[in-house]
Structure formats: structure tokens, C-alpha cells
>>> print(open('target14.cif').read())   # mmCIF, C-alpha atoms and all ligand atoms
data_run
loop_
_atom_site.label_atom_id
_atom_site.label_comp_id
_atom_site.auth_asym_id
_atom_site.auth_seq_id
_atom_site.Cartn_x
_atom_site.Cartn_y
_atom_site.Cartn_z
CA MET A 28 0.00 0.00 0.00
CA HIS A 29 1.19 3.51 -0.78
CA ILE A 30 1.06 5.87 2.19
CA LEU A 31 1.10 9.65 2.56
CA LEU A 32 2.44 11.03 5.85
CA ILE A 33 1.68 14.61 6.89
CA GLY A 34 4.09 16.46 9.18
CA SER A 35 7.68 17.57 9.49
CA GLY A 36 9.04 16.91 12.98
CA GLY A 37 11.00 14.27 14.85
CA ARG A 38 7.73 12.49 15.55
CA GLU A 39 7.04 12.21 11.83
CA HIS A 40 10.59 10.96 11.20
CA ALA A 41 9.89 8.18 13.72
CA LEU A 42 6.51 7.46 12.11
CA ALA A 43 8.15 7.38 8.67
CA LYS A 44 10.77 4.88 9.81
CA ALA A 45 8.21 2.55 11.40
CA ILE A 46 5.88 2.82 8.39
CA LYS A 47 8.74 2.20 5.95
CA GLU A 48 9.81 -0.91 7.88
CA SER A 49 6.27 -2.38 7.79
CA PRO A 50 5.88 -5.33 5.43
CA GLY A 51 2.91 -4.01 3.45
CA THR A 52 4.27 -0.51 2.75
CA GLY A 53 4.79 0.35 -0.91
CA ALA A 54 5.78 3.92 -1.70
CA LEU A 55 5.92 6.35 1.22
CA TYR A 56 5.36 10.07 0.55
CA CYS A 57 5.56 12.92 3.01
CA THR A 58 4.70 16.62 3.16
CA PRO A 59 6.08 19.04 4.33
CA GLY A 60 8.72 16.59 5.68
CA ASN A 61 12.36 17.27 6.60
CA PRO A 62 15.75 16.09 5.30
CA GLY A 63 15.78 13.05 7.61
CA ILE A 64 12.30 11.96 6.52
CA PHE A 65 13.30 12.39 2.87
CA GLN A 66 15.95 9.69 3.30
CA LEU A 67 12.97 7.33 3.73
CA ALA A 68 10.08 8.98 1.90
CA GLU A 69 9.52 10.79 -1.37
CA LYS A 70 8.53 14.42 -1.14
CA ALA A 71 4.86 15.05 -1.93
CA ARG A 72 4.92 18.46 -3.57
CA LEU A 73 1.77 19.95 -2.13
CA ASN A 74 0.59 22.21 0.63
CA PRO A 75 -0.86 19.98 3.38
CA ASP A 76 -3.24 22.79 4.41
CA ASP A 77 -4.88 22.54 0.99
CA PHE A 78 -7.14 19.54 1.58
CA GLN A 79 -8.26 19.40 -2.03
CA ALA A 80 -4.63 19.18 -3.16
CA VAL A 81 -4.07 16.37 -0.66
CA LYS A 82 -7.11 14.53 -2.00
CA GLU A 83 -5.94 14.93 -5.61
CA PHE A 84 -2.46 13.70 -4.71
CA CYS A 85 -4.02 10.65 -3.06
CA LYS A 86 -6.05 9.88 -6.17
CA ASN A 87 -3.12 10.46 -8.55
CA TYR A 88 -0.63 8.40 -6.55
CA GLN A 89 -3.02 5.60 -5.47
CA ILE A 90 -2.53 6.39 -1.78
CA GLY A 91 -4.12 3.70 0.39
CA MET A 92 -3.84 5.60 3.69
CA VAL A 93 -2.99 9.08 4.93
CA VAL A 94 -1.30 9.30 8.34
CA VAL A 95 -1.63 12.71 9.98
CA GLY A 96 1.15 13.62 12.45
CA PRO A 97 0.31 17.03 13.96
CA GLU A 98 -2.87 18.22 15.65
CA GLN A 99 -3.57 21.36 13.61
CA PRO A 100 -4.75 19.68 10.37
CA LEU A 101 -6.89 17.32 12.46
CA ALA A 102 -8.46 20.25 14.29
CA ASP A 103 -9.03 21.82 10.86
CA GLY A 104 -10.94 18.75 9.66
CA ILE A 105 -8.51 17.00 7.29
CA ALA A 106 -9.66 13.54 8.40
CA ASP A 107 -13.35 14.38 7.75
CA TYR A 108 -12.52 15.79 4.31
CA LEU A 109 -10.39 12.87 3.15
CA ALA A 110 -12.63 10.18 4.67
CA GLY A 111 -15.58 11.91 2.99
CA ASN A 112 -13.74 11.42 -0.30
CA GLY A 113 -13.22 7.71 0.29
CA ILE A 114 -9.61 7.90 1.50
CA ALA A 115 -8.56 5.91 4.60
CA VAL A 116 -7.09 8.27 7.20
CA PHE A 117 -5.27 7.53 10.43
CA GLY A 118 -6.29 10.47 12.60
CA PRO A 119 -9.50 11.62 14.27
CA SER A 120 -12.34 13.72 12.91
CA GLN A 121 -12.56 17.43 13.73
CA LYS A 122 -15.16 16.69 16.41
CA ALA A 123 -13.08 13.95 18.01
CA ALA A 124 -10.00 16.23 17.81
CA ARG A 125 -11.74 18.59 20.28
CA LEU A 126 -10.17 16.42 22.98
CA GLU A 127 -7.03 18.43 22.19
CA SER A 128 -8.29 21.50 20.35
CA SER A 129 -10.55 22.56 23.24
CA LYS A 130 -9.21 22.08 26.77
CA GLY A 131 -12.67 23.05 28.08
CA PHE A 132 -14.31 20.31 26.00
CA ALA A 133 -11.75 17.76 27.22
CA LYS A 134 -12.34 18.65 30.88
CA GLU A 135 -16.14 18.59 30.52
CA PHE A 136 -15.85 15.24 28.71
CA MET A 137 -13.71 13.81 31.51
CA ARG A 138 -16.20 15.02 34.12
CA LYS A 139 -19.12 13.51 32.18
CA TYR A 140 -17.45 10.11 31.77
CA SER A 141 -15.87 10.00 35.26
CA ILE A 142 -12.31 10.00 33.95
CA PRO A 143 -10.07 11.02 36.87
CA THR A 144 -8.65 14.53 36.50
CA ALA A 145 -8.10 17.71 38.53
CA GLU A 146 -10.90 20.07 39.63
CA TYR A 147 -11.42 22.95 37.21
CA MET A 148 -13.68 25.70 35.93
CA THR A 149 -13.94 27.14 32.42
CA PHE A 150 -14.44 30.88 31.78
CA PRO A 151 -15.18 32.79 28.58
CA ASP A 152 -13.52 36.23 28.42
CA ALA A 153 -16.87 37.87 29.26
CA ASP A 154 -16.50 36.32 32.72
CA ILE A 155 -13.08 37.79 33.48
CA LYS A 156 -14.08 39.00 36.93
CA LEU A 157 -15.51 35.60 37.88
CA ALA A 158 -12.30 33.99 36.61
CA HIS A 159 -10.15 36.23 38.84
CA ASP A 160 -12.44 35.50 41.81
CA TYR A 161 -12.17 31.75 41.15
CA LEU A 162 -8.38 32.04 41.02
CA ASP A 163 -8.43 33.64 44.46
CA SER A 164 -10.39 30.68 45.82
CA ARG A 165 -7.83 28.04 44.67
CA GLU A 166 -4.65 26.79 46.28
CA LEU A 167 -1.28 27.50 44.69
CA PRO A 168 0.26 26.49 42.40
CA VAL A 169 -2.63 26.73 39.97
CA VAL A 170 -2.81 25.85 36.28
CA ILE A 171 -4.17 28.28 33.68
CA LYS A 172 -4.83 26.90 30.21
CA ALA A 173 -5.85 28.61 27.00
CA ASP A 174 -8.81 26.62 25.67
CA GLY A 175 -7.58 26.36 22.06
CA LEU A 176 -4.43 25.16 20.33
CA ALA A 177 -1.42 27.30 21.20
CA ALA A 178 1.52 25.24 19.87
CA GLY A 179 2.10 23.72 23.31
CA LYS A 180 2.61 27.14 24.92
CA GLY A 181 -0.85 27.84 26.29
CA VAL A 182 -0.42 26.20 29.71
CA ILE A 183 0.90 28.27 32.61
CA ILE A 184 1.65 26.82 36.03
CA ALA A 185 1.49 29.82 38.35
CA GLU A 186 3.34 29.56 41.67
CA THR A 187 2.09 32.90 43.04
CA ALA A 188 -1.27 34.69 43.03
CA GLU A 189 0.33 37.59 41.17
CA ALA A 190 1.64 35.31 38.40
CA ALA A 191 -1.75 33.57 38.17
CA HIS A 192 -3.69 36.82 37.71
CA GLU A 193 -1.13 38.07 35.22
CA ALA A 194 -1.37 34.84 33.21
CA LEU A 195 -5.14 35.15 33.13
CA ASP A 196 -4.96 38.76 31.93
CA ASP A 197 -2.38 37.76 29.29
CA MET A 198 -4.61 35.01 27.94
CA PHE A 199 -7.76 37.09 27.86
CA GLY A 200 -5.65 39.95 26.49
CA GLY A 201 -4.81 37.96 23.37
CA LYS A 202 -1.31 36.60 24.08
CA PHE A 203 -2.37 33.29 22.52
CA GLY A 204 -4.77 34.80 20.01
CA GLU A 205 -8.24 33.29 19.82
CA ALA A 206 -7.02 30.20 21.69
CA GLY A 207 -7.23 32.31 24.87
CA ASN A 208 -10.76 33.63 24.40
CA THR A 209 -11.81 30.92 26.80
CA VAL A 210 -9.62 29.84 29.71
CA VAL A 211 -9.58 26.74 31.92
CA ILE A 212 -8.39 27.16 35.51
CA GLU A 213 -7.33 23.84 36.96
CA ASP A 214 -5.91 22.61 40.28
CA PHE A 215 -2.27 21.61 40.10
CA MET A 216 -1.61 17.87 40.29
CA GLN A 217 1.36 16.50 42.20
CA GLY A 218 3.11 13.29 41.18
CA GLU A 219 5.14 11.85 38.33
CA GLU A 220 4.08 12.34 34.74
CA ALA A 221 3.86 9.60 32.10
CA SER A 222 2.36 9.26 28.66
CA ILE A 223 0.27 6.50 27.12
CA LEU A 224 -0.40 6.27 23.40
CA ALA A 225 -3.47 4.24 22.44
CA ILE A 226 -4.28 3.24 18.88
CA SER A 227 -8.03 3.11 18.37
CA ASP A 228 -10.46 2.24 15.58
CA GLY A 229 -13.32 4.04 17.30
CA THR A 230 -14.49 1.15 19.46
CA ASP A 231 -11.46 -0.91 20.47
CA PHE A 232 -7.90 0.08 21.31
CA VAL A 233 -4.38 -1.16 21.94
CA THR A 234 -1.79 0.77 23.94
CA LEU A 235 1.89 1.06 22.98
CA ALA A 236 4.82 1.16 25.41
CA SER A 237 4.47 3.70 28.22
CA SER A 238 6.86 6.64 28.13
CA GLN A 239 7.95 9.74 30.01
CA ASP A 240 8.65 13.15 28.50
CA HIS A 241 10.88 15.88 29.98
CA LYS A 242 9.08 19.15 29.33
CA ARG A 243 11.34 21.65 31.13
CA ALA A 244 14.37 23.04 29.33
CA PHE A 245 17.04 22.29 31.93
CA ASP A 246 18.26 19.40 34.08
CA GLY A 247 16.28 18.62 37.21
CA ASP A 248 13.05 19.86 35.60
CA GLU A 249 14.15 23.50 35.84
CA GLY A 250 13.60 26.33 33.38
CA PRO A 251 10.85 27.11 30.92
CA ASN A 252 8.44 24.61 29.42
CA THR A 253 9.39 23.27 25.98
CA GLY A 254 7.81 20.93 23.46
CA GLY A 255 9.81 18.16 25.17
CA MET A 256 13.56 17.73 25.69
CA GLY A 257 13.67 13.94 25.69
CA ALA A 258 11.74 10.80 26.48
CA TYR A 259 12.27 7.18 27.37
CA ALA A 260 10.18 4.05 27.00
CA PRO A 261 8.91 2.02 28.70
CA ALA A 262 8.53 4.12 31.86
CA PRO A 263 8.90 1.98 35.03
CA VAL A 264 6.52 4.32 36.91
CA VAL A 265 3.76 2.81 34.75
CA THR A 266 3.58 -0.55 36.51
CA GLY A 267 1.34 -3.43 35.45
CA ASP A 268 -1.32 -2.29 37.93
CA ILE A 269 -1.12 1.29 36.68
CA ILE A 270 -1.53 0.24 33.08
CA LYS A 271 -4.61 -1.81 34.02
CA GLU A 272 -6.04 1.26 35.73
CA VAL A 273 -5.22 3.44 32.72
CA HIS A 274 -7.01 0.99 30.42
CA SER A 275 -10.14 0.71 32.56
CA GLU A 276 -10.39 4.24 34.03
CA VAL A 277 -8.98 6.39 31.22
CA ILE A 278 -8.66 4.93 27.74
CA LYS A 279 -11.76 2.71 27.64
CA PRO A 280 -14.11 5.37 29.04
CA ALA A 281 -12.60 7.90 26.63
CA ILE A 282 -13.05 5.69 23.56
CA ASP A 283 -16.56 4.60 24.68
CA GLY A 284 -17.42 8.20 25.60
CA MET A 285 -16.40 9.62 22.23
CA ALA A 286 -18.45 6.91 20.49
CA ASN A 287 -21.40 7.82 22.73
CA GLU A 288 -20.96 11.49 21.77
CA GLY A 289 -21.29 10.49 18.12
CA SER A 290 -17.60 11.27 17.45
CA PRO A 291 -15.81 7.91 17.50
CA PHE A 292 -12.10 8.35 18.04
CA ILE A 293 -10.01 6.86 15.23
CA GLY A 294 -6.30 7.52 15.58
CA CYS A 295 -3.75 7.82 18.36
CA LEU A 296 -5.18 8.97 21.66
CA TYR A 297 -2.39 10.39 23.83
CA ALA A 298 -3.15 10.39 27.54
CA GLY A 299 -0.84 12.62 29.57
CA LEU A 300 -1.02 11.21 33.09
CA MET A 301 -0.08 12.17 36.60
CA ILE A 302 0.73 9.18 38.79
CA LYS A 303 0.73 9.47 42.56
CA ASP A 304 0.42 6.86 45.33
CA GLY A 305 -0.62 4.19 42.84
CA GLY A 306 -3.42 6.33 41.40
CA VAL A 307 -3.75 7.99 38.02
CA LYS A 308 -5.22 11.31 36.87
CA VAL A 309 -5.33 12.76 33.37
CA VAL A 310 -3.38 15.96 32.80
CA GLU A 311 -4.35 16.24 29.14
CA PHE A 312 -5.52 14.35 26.10
CA ASN A 313 -3.86 14.85 22.74
CA VAL A 314 -5.22 13.43 19.52
CA ARG A 315 -1.93 12.42 17.90
CA PHE A 316 1.36 10.76 18.70
CA GLY A 317 3.51 12.56 21.30
CA ASP A 318 6.74 14.30 20.41
CA PRO A 319 9.36 13.22 21.55
CA GLU A 320 7.63 10.20 23.14
CA THR A 321 7.05 8.58 19.74
CA GLN A 322 10.79 8.60 19.00
CA ALA A 323 11.31 6.34 22.05
CA VAL A 324 8.07 4.34 21.88
CA LEU A 325 8.53 3.28 18.24
CA ALA A 326 12.19 2.37 18.83
CA VAL A 327 10.98 -0.48 21.05
CA PHE A 328 7.90 -1.42 19.00
CA ARG A 329 8.00 -4.70 17.08
CA GLY A 330 5.31 -5.58 14.58
CA ASP A 331 3.56 -4.29 11.51
CA PHE A 332 3.10 -0.64 12.43
CA ALA A 333 1.55 0.55 9.16
CA GLY A 334 -0.75 -2.49 9.20
CA LEU A 335 -1.85 -1.58 12.72
CA LEU A 336 -2.62 2.02 11.72
CA TYR A 337 -4.50 0.89 8.61
CA SER A 338 -6.61 -1.59 10.58
CA ALA A 339 -7.59 1.26 12.93
CA ALA A 340 -8.25 3.66 10.05
CA ILE A 341 -10.75 1.23 8.46
CA GLY A 342 -12.47 0.49 11.78
CA LYS A 343 -11.16 -3.06 12.23
CA LEU A 344 -8.34 -2.85 14.75
CA ASP A 345 -5.99 -5.81 14.33
CA LYS A 346 -4.04 -6.21 17.55
CA SER A 347 -2.08 -9.12 16.08
CA LYS A 348 -0.06 -6.48 14.20
CA VAL A 349 1.67 -5.75 17.52
CA VAL A 350 4.32 -8.42 18.11
CA SER A 351 5.92 -6.68 21.09
CA LYS A 352 5.19 -3.26 22.58
CA SER A 353 8.55 -2.93 24.24
CA GLU A 354 11.49 -4.95 23.05
CA GLY A 355 14.07 -3.56 25.48
CA SER A 356 14.26 0.15 26.26
CA ALA A 357 14.84 3.35 24.35
CA CYS A 358 15.97 6.81 25.39
CA ALA A 359 15.57 9.79 23.05
CA VAL A 360 17.66 12.87 23.89
CA VAL A 361 16.64 16.07 22.11
CA LEU A 362 19.49 18.20 20.80
CA ALA A 363 18.20 21.75 20.72
CA SER A 364 19.46 25.13 19.54
CA SER A 365 20.68 27.27 22.41
CA GLY A 366 17.97 29.83 23.23
CA TYR A 367 15.08 27.42 22.60
CA PRO A 368 12.20 27.66 23.60
CA GLY A 369 12.93 31.39 23.08
CA SER A 370 14.74 32.74 20.04
CA TYR A 371 17.72 30.87 18.58
CA GLY A 372 20.05 30.95 15.58
CA LYS A 373 19.72 28.73 12.52
CA GLY A 374 21.87 27.49 9.66
CA HIS A 375 24.64 25.84 11.69
CA LYS A 376 26.23 22.82 10.07
CA ILE A 377 25.53 19.49 11.80
CA THR A 378 28.22 16.80 11.80
CA GLY A 379 28.43 13.30 13.22
CA ILE A 380 24.97 11.94 12.43
CA GLU A 381 26.34 8.99 10.40
CA ASP A 382 28.92 8.27 13.08
CA ALA A 383 26.19 8.16 15.74
CA GLU A 384 24.03 5.90 13.56
CA GLU A 385 26.93 3.54 12.84
CA GLY A 386 27.22 3.12 16.61
CA GLY A 387 23.62 1.85 16.71
CA ALA A 388 21.71 5.00 17.62
CA ILE A 389 18.68 6.23 15.70
CA VAL A 390 18.98 9.92 14.88
CA TYR A 391 15.56 11.42 14.20
CA GLN A 392 15.62 14.81 12.53
CA ALA A 393 13.21 17.59 13.51
CA GLY A 394 14.45 21.16 12.99
CA THR A 395 16.91 20.52 10.18
CA GLY A 396 17.41 21.89 6.69
CA ILE A 397 19.78 21.50 3.76
CA GLY A 398 22.62 24.03 3.58
CA ASP A 399 25.46 24.47 1.10
CA ASN A 400 27.50 21.72 2.75
CA GLY A 401 24.88 19.32 4.03
CA ILE A 402 22.48 19.21 6.96
CA VAL A 403 22.10 22.39 9.03
CA THR A 404 20.03 23.48 12.02
CA ALA A 405 16.67 25.00 11.13
CA GLY A 406 14.61 24.84 14.31
CA GLY A 407 14.56 24.87 18.10
CA ARG A 408 14.46 21.12 18.58
CA VAL A 409 16.97 19.90 16.00
CA LEU A 410 17.46 16.15 16.53
CA ALA A 411 16.22 13.37 18.80
CA VAL A 412 19.18 11.06 19.35
CA THR A 413 17.76 7.72 20.40
CA GLY A 414 19.71 4.96 22.09
CA VAL A 415 18.29 1.47 22.48
CA GLY A 416 19.35 -1.27 24.83
CA ARG A 417 18.23 -4.27 26.83
CA SER A 418 17.79 -2.08 29.91
CA LEU A 419 16.89 1.57 30.45
CA LYS A 420 20.43 2.20 31.76
CA GLN A 421 21.94 0.75 28.59
CA SER A 422 19.65 2.80 26.36
CA ILE A 423 20.56 6.00 28.25
CA ASP A 424 24.30 5.23 27.97
CA ASN A 425 23.94 4.48 24.26
CA ALA A 426 21.95 7.67 23.65
CA TYR A 427 24.50 9.92 25.37
CA ALA A 428 27.44 8.17 23.65
CA ALA A 429 25.76 9.04 20.35
CA VAL A 430 24.98 12.60 21.50
CA ASP A 431 28.73 13.14 22.04
CA LYS A 432 29.43 12.25 18.40
CA ILE A 433 27.14 14.95 17.01
CA SER A 434 28.22 18.58 16.81
CA PHE A 435 26.71 21.89 15.80
CA ASN A 436 27.14 25.44 17.02
CA ASN A 437 24.89 26.27 19.97
CA LYS A 438 23.94 22.62 20.61
CA TYR A 439 22.33 22.13 24.00
CA PHE A 440 20.59 19.22 25.65
CA ARG A 441 19.53 17.88 29.00
CA LYS A 442 21.92 15.46 30.64
CA ASP A 443 19.36 13.70 32.82
CA ILE A 444 16.94 12.17 30.31
CA GLY A 445 15.75 8.86 31.75
CA SER A 446 17.32 9.31 35.17
CA LYS A 447 13.94 9.33 36.95
CA GLY A 448 13.26 5.91 35.47
CA LEU A 449 16.40 4.50 37.09
CA LYS A 450 15.27 5.46 40.61
N1 LIG B 501 5.40 15.58 24.43
C1 LIG B 501 4.24 16.31 24.61
C2 LIG B 501 3.33 16.33 23.45
O1 LIG B 501 3.56 15.68 22.46
O2 LIG B 501 2.33 17.03 23.51
#
>>> encode(input="target14.cif", output="C-alpha cells")
Amino acid sequence: MHILLIGSGGREHALAKAIKESPGTGALYCTPGNPGIFQLAEKARLNPDDFQAVKEFCKNYQIGMVVVGPEQPLADGIADYLAGNGIAVFGPSQKAARLESSKGFAKEFMRKYSIPTAEYMTFPDADIKLAHDYLDSRELPVVIKADGLAAGKGVIIAETAEAAHEALDDMFGGKFGEAGNTVVIEDFMQGEEASILAISDGTDFVTLASSQDHKRAFDGDEGPNTGGMGAYAPAPVVTGDIIKEVHSEVIKPAIDGMANEGSPFIGCLYAGLMIKDGGVKVVEFNVRFGDPETQAVLAVFRGDFAGLLYSAAIGKLDKSKVVSKSEGSACAVVLASSGYPGSYGKGHKITGIEDAEEGGAIVYQAGTGIGDNGIVTAGGRVLAVTGVGRSLKQSIDNAYAAVDKISFNNKYFRKDIGSKGLK
């Protein structure tokens, strides 16, 4: 089967690799892609925001399935449009994508279906005074979320009342555009975070290896929030009992609930969890694979990945496509451009990728471009250098050995990816 992949990050590089290695994959195309992805996939010369162009490409190139990486096209309705034109799509409908595109919807949904999560209230900007009063009634720290998509930046954890009120004013004042017209104020959850990715056909699901992201920029979970500075899989904090609880209390009610709402969830449901004292609460749902979790999760996946996605896309989930969810361990260390998540330079030559790969690491490209003399930096998160091993310790050692082989000006990375998992 020929497959079209939409997206351009490290996550999509990991998806491209797993799809390419699947036995039934014919030609693989990608748009917008990146230089790493184009070592595996042919470039589809089209604008992925132009759904009609995507449809025509699918017809012209006999595409059997479209796999959508990022959330924005899903929130914009690409899955509805393509499915409506008879094209199999791995990714949820616009309505189902509200689990990520509206934090207020997600919280209300969790309340309705008794999915464990923190207490909250939602406020439109007309209720700004009520929102400030509610803030005053909550304990600190408190979480303030823009309702809509804000490229991962619309969540503020305020440690002081002053910071909380300022964050609220910023959101209602337009700092995140329309995404902040409505705001969710949520109690802060203590514990250890983990991520679960569930592949669903709308009624049934299978989860992949558990993982843990590192969202803060600096070692020891210090510094500003980022898109994610590294991940490892599986995450020991997600014990057998926890995974059972996640299946019965989180994923199953979510899949059943979306079906009950008339918006069956087809795609990858990402549950961001907080684990404390053997209990689980949901921090957030996303409607796509996590980044950089996918770079670690797919490095330990064994089976027919594209076959699994296709079975979900056509509503007939085939769990036999998963041979093993976690063959050993993987640790993905993000190499970023100094300054990220703020401003950073671009165009610096990257060396050592082949050397790192010859040593057994998988180097997923994210913010890269082609310069006069080869691959150069072109984004904040540049690479996800992924080590694999029989144990988590081995995968961490292998990842950092590979990290040392790769150079570019202004390279920076966290040195403690995976260390929580060793405790
Ligand atoms: N790693 C966080 C996310 O993908 O949203």
C-alpha cells in the first residue's frame, strides 16, 4: 500500500521509519517533511493545508492511507474531508480532535465520563471578573490553560497569586490569540508524569509502550516549558497495575465516551497522566502521537506498524499487528538550539549523524534543513538522538554516547533524560 504522511518533525521521522519498515508498505510520501524523513520517503509536492490538493495527490498516486502527524490539520478537519472522499485516514475527525483543540471540552468530557482529573472551571472572556475570583479561591500552584491550540505554549503553572492573575490577563488579552478567548483554571496535580499512546479504531484500542517526557528546558526539571527535551520508553513508573487502571479508568471510558458522543475516536489517543500513590489522573488528552515520546516508543515497538494504523483507520483494529510493545528500552535525547524555547540561531552545520548511527543510535531529525554543505540546524528542537538497549540504563548510555558524536554550534541538551526511570 502507498502511504502519505503529513508532518515535518522528529515524531514524523519516527513514524516514517516505522511505516517504511512495515511489510505491506509500498511507496511512502511525506509533506512538508524534513531532510531526515526524505531519506525514507519521497517528497509530496503539495501544501498539506490545501485539503483538495491532498485529495488529488491521493487519487493520482493511489494512496491507500494518509497518516496525519500534527494536531492542527486534524483540528481543521482533514480527516473528515479525506474520509468523505473515500480515502482511509489515520487520525481523528474534527469533532473527536476537540479532545485536544478545546481544553474546556476535554475537561467537561472527563467530568461527564468520570475520567479522573483535577478540579477545574472554564471561563469565557466575558467572565473575566468571575475567573479572577475563582483564582483567588484556589490553592497554589494553579494551572491556567488557553482553551484552544497554542503550539504547546498555552499552559501556565502559576506559583504565586500575582503570576496567576497576570497569566489570566495575558490570555484574555490575546497573548495566545483566539485560543485564549476561553480559559480553563485547573488545580495543580502533584506526582510523576507519564504518557500513554493508544491506537483506536473508534471502538477498540491497543496501547503502545508507556513513556515519560521531559518538558522543562534544563536538568532537574528546571527552566521554561518546551515541546519536550527527551523521552524514554517504557517508563517503570507505569507498573502493570497502573496500566490496568489506565485501560479501565482512562482509555476505555474515553473511547466509549467519544463513540457515545457520536464522534468515534479513530487515531492515536495520547493520555498525559499524573501518577501518585498508585493512582492515576489525566493531565491532558492529545489526539496524535507525542513528540518526543514517539521517538522512544517506536524504537521499542515490534510488529507491523503501518498495518496496525490501517486496521484502525478502516475500523477493524488488528491487535495481532503488535508483536511486542517494548522490546528492550529506548531513550531519546533532544538536541536543541541554544535559546530554545525562546529565540535561537539557525543554519549551523551538523556533523556526526552517520557516526552516531553507525554506533547503533537512531537519529531522528526535527528542525533541520539543507545548507550548502549538508544538513544544518533549522529549528529549536533539531534532533532526537535515540539509544536502544536491553535495559533503560543501557539505552541511556547508548543515547548519550551518540549525542557526544554529534556537533553543531549552539547545541544544547539535558543530561538527565531517563534518570527518573532509574530510581
Ligand atoms: N510531548 C508532549 C506532546 O507531544 O504534547
>>> residues_near_ligand(input="target14.cif", ligand="ligand LIG 501 (chain B)", cutoff="10 Å", atoms="all atoms listed in the file", output="MDAnalysis selection string")
chainID A and resid 38 97:98 127 178:179 221:222 238:242 253:258 297:299 311:321
>>> atom_distance(input="target14.cif", atom1="CA of Ala80 (chain A)", atom2="CA of Asn61 (chain A)")
19.7 Å
>>> atom_distance(input="target14.cif", atom1="CA of Gly394 (chain A)", atom2="CA of Tyr367 (chain A)")
11.5 Å
>>> residues_around(input="target14.cif", residues="Leu362 (chain A)", least_positions_apart="5", cutoff="10 Å", atoms="only C-alpha atoms", output="ChimeraX atom specification")
/A:256-257,392-394,407-412,430,433-435,437-441
>>> closest_residue(input="target14.cif", among="A:Ala68, A:Leu109, A:Leu325, A:Val233", to="Ile282 (chain A)", atoms="all atoms listed in the file")
A:Val233
>>> residues_around(input="target14.cif", residues="Lys130 (chain A)", least_positions_apart="6", cutoff="8 Å", atoms="all atoms listed in the file", output="list in words")
Lys172, Ala173, Asp174, Gly175, Val211 and Glu311 of chain A
>>> atom_distance(input="target14.cif", atom1="CA of Ile270 (chain A)", atom2="CA of Ser338 (chain A)")
23.1 Å
>>> closest_residue(input="target14.cif", among="A:Tyr427, A:Tyr391, A:Phe199, A:Phe150", to="Gly36 (chain A)", atoms="only C-alpha atoms")
A:Tyr391
